[in-house]
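Visitor: This is the content of entry-v9.cif (mmCIF, C-alpha atoms and all ligand atoms):
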```
data_target
#
loop_
_atom_site.group_PDB
_atom_site.id
_atom_site.type_symbol
_atom_site.label_atom_id
_atom_site.label_comp_id
_atom_site.auth_asym_id
_atom_site.auth_seq_id
_atom_site.Cartn_x
_atom_site.Cartn_y
_atom_site.Cartn_z
ATOM 1 C CA MET K 15 0.000 0.000 0.000
ATOM 2 C CA GLN K 16 1.239 3.501 -0.873
ATOM 3 C CA LYS K 17 2.129 5.522 2.250
ATOM 4 C CA GLU K 18 -0.033 8.592 2.746
ATOM 5 C CA VAL K 19 2.218 10.291 5.318
ATOM 6 C CA ASP K 20 6.017 10.345 4.998
ATOM 7 C CA LEU K 21 6.830 10.570 8.710
ATOM 8 C CA TYR K 22 10.412 9.289 8.459
ATOM 9 C CA HIS K 23 11.401 11.567 5.562
ATOM 10 C CA ALA K 24 10.102 14.581 7.510
ATOM 11 C CA HIS K 25 11.847 13.363 10.659
ATOM 12 C CA TYR K 26 15.286 12.318 9.356
ATOM 13 C CA GLY K 27 15.442 14.821 6.477
ATOM 14 C CA TYR K 28 15.221 17.767 8.897
ATOM 15 C CA ILE K 29 16.618 16.117 11.992
ATOM 16 C CA ALA K 30 18.658 19.134 13.107
ATOM 17 C CA ALA K 31 16.088 21.816 12.187
ATOM 18 C CA ASP K 32 15.193 24.028 15.167
ATOM 19 C CA PRO K 33 11.478 23.171 15.422
ATOM 20 C CA GLN K 34 12.206 19.419 15.154
ATOM 21 C CA VAL K 35 14.825 19.606 17.909
ATOM 22 C CA ALA K 36 12.447 21.651 20.092
ATOM 23 C CA VAL K 37 9.656 19.124 19.498
ATOM 24 C CA ARG K 38 11.856 16.168 20.487
ATOM 25 C CA ARG K 39 13.122 17.988 23.601
ATOM 26 C CA GLU K 40 9.553 18.560 24.713
ATOM 27 C CA THR K 41 8.449 15.007 23.833
ATOM 28 C CA TYR K 42 11.190 12.828 25.327
ATOM 29 C CA ASP K 43 13.186 12.745 28.557
ATOM 30 C CA GLU K 44 16.218 13.144 26.289
ATOM 31 C CA ASP K 45 16.459 13.899 22.595
ATOM 32 C CA LEU K 46 18.100 10.859 20.987
ATOM 33 C CA GLY K 47 16.756 11.769 17.547
ATOM 34 C CA GLN K 48 14.242 8.947 17.988
ATOM 35 C CA ALA K 49 11.150 8.592 15.788
ATOM 36 C CA SER K 50 9.375 6.164 18.070
ATOM 37 C CA TRP K 51 7.986 5.577 21.554
ATOM 38 C CA ILE K 52 11.280 4.931 23.323
ATOM 39 C CA THR K 53 12.647 7.205 26.052
ATOM 40 C CA LEU K 54 16.213 7.215 27.362
ATOM 41 C CA ALA K 55 15.020 5.583 30.611
ATOM 42 C CA GLU K 56 13.475 2.721 28.646
ATOM 43 C CA ALA K 57 16.493 2.421 26.326
ATOM 44 C CA ARG K 58 18.696 1.952 29.401
ATOM 45 C CA GLU K 59 16.456 -0.885 30.625
ATOM 46 C CA PHE K 60 16.776 -2.510 27.198
ATOM 47 C CA PHE K 61 20.610 -2.177 27.175
ATOM 48 C CA SER K 62 20.799 -3.806 30.577
ATOM 49 C CA ALA K 63 18.445 -6.652 29.536
ATOM 50 C CA LEU K 64 20.750 -7.314 26.567
ATOM 51 C CA GLU K 65 23.656 -7.799 29.014
ATOM 52 C CA LEU K 66 26.112 -5.947 26.782
ATOM 53 C CA GLY K 67 29.625 -4.978 27.782
ATOM 54 C CA PRO K 68 33.078 -4.182 26.397
ATOM 55 C CA GLY K 69 34.139 -6.578 23.628
ATOM 56 C CA HIS K 70 30.526 -7.456 22.692
ATOM 57 C CA THR K 71 28.903 -6.614 19.372
ATOM 58 C CA ALA K 72 25.294 -5.536 18.937
ATOM 59 C CA LEU K 73 23.063 -4.931 15.940
ATOM 60 C CA GLU K 74 20.201 -2.455 15.936
ATOM 61 C CA VAL K 75 17.683 -3.274 13.218
ATOM 62 C CA ALA K 76 15.804 -0.243 11.801
ATOM 63 C CA CYS K 77 17.966 2.154 13.796
ATOM 64 C CA GLY K 78 16.606 5.341 12.191
ATOM 65 C CA SER K 79 18.990 8.220 12.881
ATOM 66 C CA GLY K 80 21.130 6.058 15.179
ATOM 67 C CA GLY K 81 20.571 7.855 18.474
ATOM 68 C CA VAL K 82 19.760 4.665 20.374
ATOM 69 C CA THR K 83 22.618 2.773 18.675
ATOM 70 C CA CYS K 84 25.140 5.470 19.650
ATOM 71 C CA ARG K 85 23.841 5.627 23.217
ATOM 72 C CA MET K 86 24.002 1.811 23.473
ATOM 73 C CA ALA K 87 27.655 1.909 22.356
ATOM 74 C CA ALA K 88 28.514 4.792 24.704
ATOM 75 C CA GLU K 89 26.834 3.283 27.784
ATOM 76 C CA THR K 90 27.743 -0.399 27.351
ATOM 77 C CA GLU K 91 31.124 0.005 25.597
ATOM 78 C CA ALA K 92 30.001 -2.612 23.060
ATOM 79 C CA SER K 93 30.663 -2.237 19.335
ATOM 80 C CA CYS K 94 27.398 -1.473 17.565
ATOM 81 C CA VAL K 95 26.064 -1.660 14.026
ATOM 82 C CA GLY K 96 22.818 -0.037 12.905
ATOM 83 C CA VAL K 97 20.846 -0.724 9.736
ATOM 84 C CA ASP K 98 17.855 1.113 8.320
ATOM 85 C CA ILE K 99 16.155 1.367 4.932
ATOM 86 C CA SER K 100 16.148 5.187 5.062
ATOM 87 C CA ALA K 101 19.205 6.774 3.405
ATOM 88 C CA GLU K 102 18.430 10.024 5.261
ATOM 89 C CA GLY K 103 18.298 8.153 8.581
ATOM 90 C CA ILE K 104 21.636 6.426 7.946
ATOM 91 C CA SER K 105 23.309 9.639 6.857
ATOM 92 C CA ALA K 106 22.130 11.388 10.082
ATOM 93 C CA ALA K 107 23.277 8.332 12.086
ATOM 94 C CA ARG K 108 26.794 8.419 10.598
ATOM 95 C CA GLU K 109 27.063 12.125 11.352
ATOM 96 C CA ARG K 110 25.925 11.508 14.932
ATOM 97 C CA ALA K 111 28.500 8.718 15.488
ATOM 98 C CA SER K 112 31.300 10.900 14.214
ATOM 99 C CA GLU K 113 30.163 13.973 16.234
ATOM 100 C CA GLN K 114 30.072 11.821 19.380
ATOM 101 C CA GLY K 115 33.553 10.384 18.692
ATOM 102 C CA LEU K 116 32.114 6.864 18.341
ATOM 103 C CA ALA K 117 32.994 6.153 14.700
ATOM 104 C CA ALA K 118 35.651 3.548 15.620
ATOM 105 C CA ARG K 119 33.062 1.412 17.440
ATOM 106 C CA VAL K 120 29.799 2.266 15.715
ATOM 107 C CA SER K 121 28.862 1.872 12.049
ATOM 108 C CA PHE K 122 25.712 2.187 9.994
ATOM 109 C CA GLN K 123 24.488 0.633 6.738
ATOM 110 C CA ILE K 124 21.459 1.065 4.533
ATOM 111 C CA ALA K 125 19.644 -2.270 4.432
ATOM 112 C CA ASP K 126 16.113 -3.566 3.931
ATOM 113 C CA ALA K 127 15.527 -5.568 7.090
ATOM 114 C CA GLY K 128 12.607 -7.324 5.402
ATOM 115 C CA GLN K 129 15.289 -9.230 3.462
ATOM 116 C CA PRO K 130 18.098 -11.412 4.859
ATOM 117 C CA LEU K 131 20.492 -9.107 6.709
ATOM 118 C CA PRO K 132 23.908 -8.470 5.116
ATOM 119 C CA PHE K 133 25.862 -10.179 7.925
ATOM 120 C CA PRO K 134 27.360 -13.658 8.288
ATOM 121 C CA ASP K 135 25.846 -16.231 10.667
ATOM 122 C CA GLU K 136 26.595 -15.760 14.394
ATOM 123 C CA SER K 137 27.945 -12.188 14.023
ATOM 124 C CA PHE K 138 26.344 -10.538 17.076
ATOM 125 C CA ASP K 139 25.949 -10.943 20.836
ATOM 126 C CA ALA K 140 22.718 -8.945 20.776
ATOM 127 C CA VAL K 141 20.026 -7.801 18.366
ATOM 128 C CA LEU K 142 17.791 -4.861 19.231
ATOM 129 C CA CYS K 143 14.805 -3.689 17.185
ATOM 130 C CA ASN K 144 12.704 -0.913 18.627
ATOM 131 C CA ASP K 145 9.216 -0.099 17.312
ATOM 132 C CA SER K 146 10.050 -1.273 13.801
ATOM 133 C CA ILE K 147 9.225 -4.983 13.426
ATOM 134 C CA ASN K 148 5.718 -3.916 12.377
ATOM 135 C CA HIS K 149 7.231 -2.447 9.185
ATOM 136 C CA LEU K 150 8.681 -5.806 8.124
ATOM 137 C CA PRO K 151 6.591 -8.417 6.290
ATOM 138 C CA ARG K 152 6.947 -12.194 6.889
ATOM 139 C CA ARG K 153 7.530 -12.220 10.670
ATOM 140 C CA ALA K 154 8.692 -15.877 10.721
ATOM 141 C CA ASP K 155 11.458 -15.147 8.169
ATOM 142 C CA VAL K 156 12.516 -12.014 10.076
ATOM 143 C CA LEU K 157 12.854 -13.888 13.373
ATOM 144 C CA ARG K 158 14.724 -16.735 11.671
ATOM 145 C CA ASP K 159 17.211 -14.239 10.249
ATOM 146 C CA TRP K 160 17.738 -12.551 13.629
ATOM 147 C CA TYR K 161 18.348 -16.022 15.127
ATOM 148 C CA ARG K 162 20.892 -16.712 12.348
ATOM 149 C CA VAL K 163 22.970 -13.557 12.967
ATOM 150 C CA LEU K 164 22.995 -14.081 16.765
ATOM 151 C CA ARG K 165 25.725 -16.134 18.392
ATOM 152 C CA PRO K 166 24.563 -19.058 20.594
ATOM 153 C CA GLY K 167 23.740 -17.468 23.955
ATOM 154 C CA GLY K 168 23.099 -14.085 22.267
ATOM 155 C CA ARG K 169 20.069 -12.015 23.246
ATOM 156 C CA LEU K 170 17.254 -10.533 21.196
ATOM 157 C CA LEU K 171 15.088 -7.659 22.390
ATOM 158 C CA PHE K 172 12.365 -6.150 20.235
ATOM 159 C CA THR K 173 9.230 -4.157 20.780
ATOM 160 C CA ASP K 174 6.102 -4.729 18.723
ATOM 161 C CA PRO K 175 3.958 -1.578 18.945
ATOM 162 C CA ILE K 176 1.108 -2.997 16.855
ATOM 163 C CA VAL K 177 -0.336 -5.813 18.939
ATOM 164 C CA VAL K 178 -4.118 -5.894 18.535
ATOM 165 C CA THR K 179 -5.745 -6.005 21.983
ATOM 166 C CA GLY K 180 -9.137 -4.490 21.199
ATOM 167 C CA GLN K 181 -11.478 -3.425 18.455
ATOM 168 C CA LEU K 182 -10.378 -1.089 15.661
ATOM 169 C CA THR K 183 -12.422 0.685 13.009
ATOM 170 C CA ASN K 184 -11.303 0.821 9.377
ATOM 171 C CA GLU K 185 -10.569 4.562 9.753
ATOM 172 C CA GLU K 186 -8.424 3.961 12.832
ATOM 173 C CA ILE K 187 -6.485 1.244 11.008
ATOM 174 C CA ARG K 188 -6.022 3.612 8.055
ATOM 175 C CA ASP K 189 -4.732 6.512 10.201
ATOM 176 C CA ARG K 190 -2.486 4.301 12.338
ATOM 177 C CA SER K 191 -0.873 2.715 9.287
ATOM 178 C CA SER K 192 -0.727 5.831 7.105
ATOM 179 C CA ILE K 193 3.076 6.084 7.392
ATOM 180 C CA GLY K 194 3.934 2.943 5.403
ATOM 181 C CA PHE K 195 3.758 -0.849 5.456
ATOM 182 C CA PHE K 196 2.237 -2.119 8.737
ATOM 183 C CA LEU K 197 1.787 -5.619 10.081
ATOM 184 C CA PHE K 198 -0.970 -5.757 12.718
ATOM 185 C CA THR K 199 -0.283 -8.707 15.024
ATOM 186 C CA PRO K 200 -2.794 -10.519 17.241
ATOM 187 C CA ALA K 201 -2.061 -10.759 20.973
ATOM 188 C CA GLU K 202 0.029 -13.780 21.961
ATOM 189 C CA PHE K 203 1.205 -14.354 18.382
ATOM 190 C CA ASN K 204 4.893 -13.448 18.846
ATOM 191 C CA GLU K 205 5.569 -15.727 21.830
ATOM 192 C CA PRO K 206 4.906 -19.111 20.110
ATOM 193 C CA LEU K 207 6.605 -17.863 16.955
ATOM 194 C CA LEU K 208 9.755 -17.046 18.944
ATOM 195 C CA ALA K 209 9.670 -20.547 20.457
ATOM 196 C CA GLN K 210 9.088 -22.154 17.047
ATOM 197 C CA THR K 211 12.124 -20.260 15.712
ATOM 198 C CA GLY K 212 14.213 -21.837 18.471
ATOM 199 C CA PHE K 213 14.482 -18.886 20.888
ATOM 200 C CA ILE K 214 14.078 -19.188 24.650
ATOM 201 C CA VAL K 215 11.679 -16.441 25.706
ATOM 202 C CA HIS K 216 12.914 -14.717 28.890
ATOM 203 C CA GLU K 217 10.402 -11.921 29.273
ATOM 204 C CA VAL K 218 7.319 -10.400 27.646
ATOM 205 C CA ARG K 219 6.305 -7.022 29.057
ATOM 206 C CA ASP K 220 3.484 -4.602 28.254
ATOM 207 C CA VAL K 221 5.202 -1.284 27.444
ATOM 208 C CA THR K 222 2.187 0.567 26.044
ATOM 209 C CA ASP K 223 2.377 3.443 28.544
ATOM 210 C CA ASN K 224 5.227 5.104 26.652
ATOM 211 C CA VAL K 225 3.184 5.117 23.431
ATOM 212 C CA ALA K 226 0.269 6.876 25.112
ATOM 213 C CA SER K 227 2.437 9.552 26.731
ATOM 214 C CA VAL K 228 4.970 10.104 23.923
ATOM 215 C CA SER K 229 2.268 10.356 21.208
ATOM 216 C CA ARG K 230 0.356 12.949 23.244
ATOM 217 C CA LYS K 231 3.435 15.065 23.972
ATOM 218 C CA TRP K 232 4.725 14.739 20.386
ATOM 219 C CA ARG K 233 1.406 15.895 18.907
ATOM 220 C CA GLU K 234 1.060 18.812 21.353
ATOM 221 C CA ALA K 235 4.669 19.945 20.842
ATOM 222 C CA ARG K 236 4.139 19.920 17.054
ATOM 223 C CA ALA K 237 0.824 21.782 17.320
ATOM 224 C CA LYS K 238 2.591 24.617 19.180
ATOM 225 C CA ARG K 239 5.064 24.966 16.294
ATOM 226 C CA ARG K 240 2.586 24.472 13.463
ATOM 227 C CA ALA K 241 3.718 27.474 11.383
ATOM 228 C CA GLU K 242 7.427 26.554 11.426
ATOM 229 C CA LEU K 243 6.743 22.875 10.766
ATOM 230 C CA VAL K 244 4.342 23.622 7.901
ATOM 231 C CA THR K 245 7.158 25.610 6.274
ATOM 232 C CA LEU K 246 9.436 22.568 6.543
ATOM 233 C CA GLU K 247 6.987 19.763 5.805
ATOM 234 C CA GLY K 248 4.098 21.340 3.906
ATOM 235 C CA GLU K 249 0.539 21.574 5.219
ATOM 236 C CA THR K 250 -0.684 18.185 3.988
ATOM 237 C CA ALA K 251 2.244 16.313 5.551
ATOM 238 C CA PHE K 252 1.933 18.273 8.798
ATOM 239 C CA ASP K 253 -1.775 17.473 9.115
ATOM 240 C CA GLY K 254 -1.141 13.830 8.172
ATOM 241 C CA VAL K 255 1.425 13.394 10.956
ATOM 242 C CA GLN K 256 -0.962 15.043 13.450
ATOM 243 C CA ARG K 257 -3.758 12.664 12.412
ATOM 244 C CA PHE K 258 -1.358 9.728 12.760
ATOM 245 C CA LEU K 259 -0.310 10.821 16.270
ATOM 246 C CA ALA K 260 -3.939 11.357 17.329
ATOM 247 C CA ALA K 261 -4.785 7.801 16.248
ATOM 248 C CA VAL K 262 -1.722 6.428 18.060
ATOM 249 C CA HIS K 263 -2.722 8.204 21.256
ATOM 250 C CA ALA K 264 -6.380 7.139 21.202
ATOM 251 C CA LEU K 265 -5.617 3.496 20.443
ATOM 252 C CA SER K 266 -2.804 3.154 22.985
ATOM 253 C CA SER K 267 -4.470 5.013 25.841
ATOM 254 C CA GLU K 268 -7.602 2.894 25.371
ATOM 255 C CA ARG K 269 -5.404 -0.240 25.140
ATOM 256 C CA ARG K 270 -6.930 -1.281 21.849
ATOM 257 C CA LEU K 271 -3.473 -1.441 20.276
ATOM 258 C CA SER K 272 -0.660 -2.385 22.643
ATOM 259 C CA ARG K 273 3.116 -2.292 22.565
ATOM 260 C CA PHE K 274 4.968 -5.308 23.951
ATOM 261 C CA MET K 275 8.647 -5.876 24.657
ATOM 262 C CA TYR K 276 10.031 -9.372 23.983
ATOM 263 C CA LEU K 277 13.359 -10.505 25.430
ATOM 264 C CA ALA K 278 14.644 -13.833 24.137
ATOM 265 C CA ALA K 279 17.905 -15.714 23.690
ATOM 266 C CA ARG K 280 19.417 -18.053 21.150
ATOM 267 C CA PRO K 281 20.041 -21.135 23.254
ATOM 268 C CA PHE K 282 23.504 -22.325 24.160
ATOM 269 C CA GLY K 283 24.731 -25.612 25.657
ATOM 270 C CA GLU K 284 22.106 -27.230 27.936
ATOM 271 C CA ASP K 285 19.482 -24.675 26.869
ATOM 272 C CA VAL K 286 19.351 -26.147 23.358
ATOM 273 C CA ARG K 287 17.298 -29.137 24.596
ATOM 274 C CA GLU K 288 14.870 -26.854 26.479
ATOM 275 C CA ALA K 289 14.409 -24.688 23.367
ATOM 276 C CA ALA K 290 13.750 -27.736 21.153
ATOM 277 C CA ALA K 291 11.039 -28.892 23.599
ATOM 278 C CA GLY K 292 9.532 -25.368 23.608
ATOM 279 C CA SER K 293 9.533 -25.308 19.821
ATOM 280 C CA ARG K 294 7.743 -28.711 19.633
ATOM 281 C CA GLN K 295 5.150 -27.533 22.166
ATOM 282 C CA ALA K 296 4.509 -24.337 20.184
ATOM 283 C CA ASP K 297 4.147 -26.390 16.980
ATOM 284 C CA GLN K 298 1.629 -28.713 18.663
ATOM 285 C CA ALA K 299 -0.367 -25.785 20.057
ATOM 286 C CA ASP K 300 -0.497 -24.391 16.504
ATOM 287 C CA GLN K 301 -1.849 -27.640 15.110
ATOM 288 C CA HIS K 302 -4.452 -28.187 17.889
ATOM 289 C CA PRO K 303 -5.826 -24.771 18.728
HETATM 290 C C1 LIG B 1 9.326 3.931 14.345
HETATM 291 S S1 LIG B 1 10.847 4.151 13.501
HETATM 292 C C2 LIG B 1 11.977 3.584 14.740
HETATM 293 C C3 LIG B 1 13.386 4.029 14.510
HETATM 294 C C4 LIG B 1 14.320 3.754 15.684
HETATM 295 N N1 LIG B 1 14.354 2.336 16.001
HETATM 296 C C5 LIG B 1 13.846 4.553 16.888
HETATM 297 O O1 LIG B 1 13.467 3.944 17.899
HETATM 298 O O2 LIG B 1 13.856 5.777 16.803
HETATM 299 C C6 LIG B 1 10.812 2.833 12.345
HETATM 300 C C7 LIG B 1 12.071 2.725 11.475
HETATM 301 O O3 LIG B 1 11.940 1.587 10.622
HETATM 302 C C8 LIG B 1 12.608 1.882 9.422
HETATM 303 N N2 LIG B 1 12.174 0.892 8.428
HETATM 304 C C9 LIG B 1 10.951 0.760 7.869
HETATM 305 N N3 LIG B 1 10.948 -0.270 7.001
HETATM 306 C C10 LIG B 1 12.199 -0.809 7.037
HETATM 307 C C11 LIG B 1 12.815 -1.901 6.370
HETATM 308 N N4 LIG B 1 12.136 -2.645 5.480
HETATM 309 N N5 LIG B 1 14.123 -2.159 6.624
HETATM 310 C C12 LIG B 1 14.818 -1.408 7.506
HETATM 311 N N6 LIG B 1 14.276 -0.360 8.172
HETATM 312 C C13 LIG B 1 12.980 -0.068 7.954
HETATM 313 C C14 LIG B 1 12.203 3.309 9.133
HETATM 314 O O4 LIG B 1 13.041 3.926 8.183
HETATM 315 C C15 LIG B 1 12.316 3.910 10.550
HETATM 316 O O5 LIG B 1 13.598 4.416 10.763
#
```
Would you mind writing the file's structure down as structure tokens?
Ligand SMILES: C[S@@+](CC[C@H](N)C(=O)[O-])C[C@H]1O[C@@H](n2cnc3c(N)ncnc32)[C@H](O)[C@@H]1O

Guide:
Amino acid sequence: MQKEVDLYHAHYGYIAADPQVAVRRETYDEDLGQASWITLAEAREFFSALELGPGHTALEVACGSGGVTCRMAAETEASCVGVDISAEGISAARERASEQGLAARVSFQIADAGQPLPFPDESFDAVLCNDSINHLPRRADVLRDWYRVLRPGGRLLFTDPIVVTGQLTNEEIRDRSSIGFFLFTPAEFNEPLLAQTGFIVHEVRDVTDNVASVSRKWREARAKRRAELVTLEGETAFDGVQRFLAAVHALSSERRLSRFMYLAARPFGEDVREAAAGSRQADQADQHP
């Protein structure tokens, strides 16, 4: 489906423009250049769950402008790689890494994460994907590829912000998915799929609160700067992003669409047997609903 609202072009194309910076400062606890529902406080919880440290390597899938990737490298001392399909996002990410003196340990590549990733098997100790898996078709293939690039014992953490936990009208679905390809996922779909892929699931947590608060603050901060943003984005794009954010806020605050965090690991040693049993169980549950 053709996207009606080019949120990421507007975001990454003018990442350093004054009104965009002011909007992010008012929206998030810290401006990481994010185009999502993550705050610095939450990012730190994710880094710690990934158990990263010096000498480790981590991949961020759909890293956008690389703010989270750079912060992960700075705070954990791991080497980090970010990939995103947006050339503007990757260019802003490279600039950020070099400005922050991280270029020796952090790199970025343009890649379509809906396709096999351009990395050999068992390249990373951790894979992080924040608020982006919903943009990738064929979930089973995506998870299989993340499993492939992880080393045995490596950890995967992703958020899925599009878990259907209530009723949605056709207009709400249209507004919520107006920014590009969207995969709406039923509740309790990701857990068995992770097990079938061979992962051990460590934690599943409802992290919808950030969506409700960030979308409200983001929309209000943009509304205050309407004139400057319309000059940058054009009136149609501005109104489209506002409509998108209004839909996000309504659906998340009413818990009709939820955001979940999944922490899993590629098994290692003894865990391999446990994971194989989990995978068989998930297969059987699939066949006998
Ligand atoms: C909601 S943003 C999240 C960006 C970043 N993870 C963050 O938290 O700020 C979703 C990102 O997915 C990227 N994206 C969409 N489709 C993609 C694909 N097929 N391959 C790689 N990245 C993709 C977009 O360019 C955008 O940067």

Visitor: Taking all atoms of ligand LIG 1 (chain B) that the file lists, what box with edges along x, y and z, padded by 4 Å per side, do you get, with centre and edge lengths in Å to one decimal, as AutoDock Vina command-line options?

Guide:
```
--center_x 12.1 --center_y 1.6 --center_z 11.7 --size_x 13.5 --size_y 16.4 --size_z 20.4
```

Visitor: For the structure shown, which residues end up in the PyMOL selection byres (((not hetatm)) within 9 of (chain B and resi 1))? Put them as a VMD selection string, please?

Guide: chain K and resid 21 to 23 26 46 to 53 74 to 83 97 to 104 124 to 129 142 to 151 175 194 to 195

Visitor: Could you please give me, as an MDAnalysis selection string, the residues of protein, DNA or RNA lying at most 9 Å from (28.5, -4.2, 20.2) in the coordinate frame of the file, considering all atoms listed in the file?

Guide: chainID K and resid 66:73 86:87 90:95 119:120 138:140

Visitor: Quote the spacing between CA of Ala107 (chain K) and CA of His263 (chain K) in Å to one decimal place.

Guide: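 Atom-to-atom, CA of Ala107 (chain K) and CA of His263 (chain K) are spaced 27.6 Å apart.
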
Visitor: Suppose a student applies the PyMOL selection byres (((chain K and resi 162) around 12) and not hetatm) to this structure; what residues should they get, written as a PyMOL selection string?

Guide: chain K and resi 130-141+155-161+163-170+211-213+279-281

Visitor: Could you list, as a list of chain:residue names, every residue matched by the PyMOL selection byres (((chain K and resi 237-242) around 10) and not hetatm) in this structure?

Guide: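 Checked against the file, the PyMOL selection byres (((chain K and resi 237-242) around 10) and not hetatm) matches K:Ala31, K:Asp32, K:Pro33, K:Gln34, K:Ala36, K:Val37, K:Lys231, K:Trp232, K:Arg233, K:Glu234, K:Ala235, K:Arg236, K:Leu243, K:Val244, K:Thr245, K:Leu246, K:Glu247, K:Gly248, K:Glu249, K:Phe252, K:Asp253, K:Gln256.
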
Visitor: Quote the spacing between CA of Val255 (chain K) and CA of Glu40 (chain K) in Å to one decimal place.

Guide: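 Pair CA of Val255 (chain K) / CA of Glu40 (chain K) returns 16.8 Å.
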
Visitor: Quick one: pull the distance between CA of Phe61 (chain K) and CA of Arg108 (chain K), Å, one decimal.

Guide: 20.6 Å

Visitor: Of the candidates K:Ser112, K:Gln295, K:Thr183, K:Asn204, which shows the shortest atom-to-atom distance to Leu265 (chain K), using only C-alpha atoms?

Guide: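 Closest to Leu265 (chain K) of all the choices is K:Thr183.
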
Visitor: K:Arg58, K:Arg230, K:Arg294, K:Arg219: which is nearest Ala278 (chain K), counting all atoms listed in the file?

Guide: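 Checking each of K:Arg58, K:Arg230, K:Arg294, K:Arg219 against Ala278 (chain K), counting all atoms listed in the file, the winner is K:Arg219.
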
Visitor: Residues near region 214-217 of chain K, anyone? I mean within 9 Å using only C-alpha atoms, not counting same-chain ones fewer than 3 positions away, as a count of residues only.

Guide: 15

Visitor: Which polymer residues, whether protein, DNA or RNA, lie within 8 Å of the coordinate (0.2, 6.9, 16.4) when you count all atoms listed in the file? List them as a PyMOL selection string, using the chain letters and numbers from the file.

Guide: chain K and resi 189-190+225+229+258-263+265

Visitor: Find the residues near Glu18 (chain K): any atom within 8 Å, counting all atoms listed in the file, skip ones fewer than 5 places away on the same chain, and give them as a ChimeraX atom specification.

Guide: /K:192-194,254

Visitor: Quick one: residues within 9 Å of region 176-179 of chain K, only C-alpha atoms, excluding same-chain residues fewer than 3 positions away - as a list in words?

Guide: Asp145, Asn148, Leu182, Phe196, Leu197, Phe198, Thr199, Pro200, Ala201, Glu202, Phe203, Arg269, Arg270, Leu271, Ser272, Arg273 and Phe274 of chain K

Visitor: Could you check which of K:Ala63, K:Leu116, K:Ala154, K:Ala30 is closest to Pro206 (chain K), using only C-alpha atoms?

Guide: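 Between K:Ala63, K:Leu116, K:Ala154, K:Ala30, the residue approaching Pro206 (chain K) most closely is K:Ala154.
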